[in-house]
Amino acid sequence: MAQTVKLKRSNVADSVPTTNDLALGELAMNTRDGKIYMRKTNSGGSDTIIDPVDAASSSDHNHTGATADDVIAMAIALG
């Protein structure tokens with residue numbers, strides 16, 4: 001039997017979750033802005049909220065990561 005996966009989401013422009021809103025590794029999306037957010041632990045040991053699509057495309061590695069369209073298509077496919 002298929003299961004539907006629902007991410008935490010907001011339809012308010014520029015709304016960004018806080019570390020109190022997400023568990024470590026949990027994803028959330030802003031359907032108005034088309035952005036995905038994730039809670040992660042940074043190198044200093046504290047937790048932070050990142051936009052993994054923006055982080056992948058703007059960091060100093062050689063690949064661009066997933067595009068926002070790729071992430072949105074995956075979220076739609078997951079339900």
# chains A, B, ... in the order shown; residues from 1 in each chain; ligands from 1

call {"tool": "residues_around", "arguments": {"residues": "Lys35 of chain A", "least_positions_apart": "5", "cutoff": "9 Å", "atoms": "only C-alpha atoms", "output": "list in words"}}
result
Ala28, Met29, Asn30, Asp51, Val53, Asp54, Ala68, Val71 and Ile72 of chain A

call {"tool": "write_last_selection", "arguments": {"atoms": "C-alpha atoms", "output": "short mmCIF file (atom, residue, chain, number, x, y, z; two decimals), in the first residue's frame"}}
result
data_model
loop_
_atom_site.label_atom_id
_atom_site.label_comp_id
_atom_site.auth_asym_id
_atom_site.auth_seq_id
_atom_site.Cartn_x
_atom_site.Cartn_y
_atom_site.Cartn_z
CA ALA A 28 9.98 21.81 5.35
CA MET A 29 8.86 23.76 2.32
CA ASN A 30 7.51 27.20 1.56
CA ASP A 51 18.17 25.87 2.23
CA VAL A 53 19.20 23.82 -2.85
CA ASP A 54 20.76 27.25 -2.34
CA ALA A 68 14.54 24.36 -7.26
CA VAL A 71 13.18 19.69 -5.56
CA ILE A 72 9.62 20.84 -6.22
#

call {"tool": "select_by_dssp", "arguments": {"residues": "chain A", "states": "alpha helix (DSSP H)", "output": "list in words"}}
result
Pro52, Val53, Asp54, Ala55, Ala56, Ser57, Ser58, Ala68, Asp69, Asp70, Val71, Ile72, Ala73, Met74, Ala75, Ile76, Ala77 and Leu78 of chain A

call {"tool": "residues_around", "arguments": {"residues": "Ile49 of chain A", "least_positions_apart": "3", "cutoff": "7 Å", "atoms": "only C-alpha atoms", "output": "list in words"}}
result
Thr18, Thr19, Tyr37, Met38, Arg39 and Lys40 of chain A

call {"tool": "write_last_selection", "arguments": {"atoms": "C-alpha atoms", "output": "tab-separated table (two decimals), in the first residue's frame"}}
result
chain	number	residue	atom	x	y	z
A	18	THR	CA	13.25	27.93	13.08
A	19	THR	CA	15.17	25.17	14.84
A	37	TYR	CA	14.53	24.01	4.30
A	38	MET	CA	16.34	21.45	6.49
A	39	ARG	CA	17.58	21.47	10.08
A	40	LYS	CA	21.22	20.36	10.38

call {"tool": "residues_around", "arguments": {"residues": "Asp69 of chain A", "least_positions_apart": "4", "cutoff": "12 Å", "atoms": "only C-alpha atoms", "output": "NGL selection string"}}
result
:A and (33-36 or 53 or 65 or 73-76)

call {"tool": "closest_residue", "arguments": {"among": "A:Ala77, A:Val12, A:Val5, A:Ile50", "to": "Thr31 of chain A", "atoms": "only C-alpha atoms"}}
result
A:Val12

call {"tool": "closest_residue", "arguments": {"among": "A:Met1, A:Thr41, A:Leu7, A:Asp47", "to": "Asn20 of chain A", "atoms": "only C-alpha atoms"}}
result
A:Asp47

call {"tool": "select_by_dssp", "arguments": {"residues": "chain A", "states": "strand (DSSP E or B)", "output": "list in words"}}
result
Lys8, Arg9, Ser10, Leu27, Ala28, Met29, Asn30, Lys35, Ile36, Tyr37, Met38, Arg39, Lys40, Thr41, Asp47, Thr48, Ile49 and Ile50 of chain A

call {"tool": "atom_distance", "arguments": {"atom1": "atom CA of Arg32 of chain A", "atom2": "atom CA of Ala2 of chain A"}}
result
27.3 Å

call {"tool": "atom_distance", "arguments": {"atom1": "atom CA of Asn11 of chain A", "atom2": "atom CA of Leu24 of chain A"}}
result
22.2 Å

call {"tool": "atom_distance", "arguments": {"atom1": "atom CA of Pro17 of chain A", "atom2": "atom CA of Thr48 of chain A"}}
result
10.0 Å
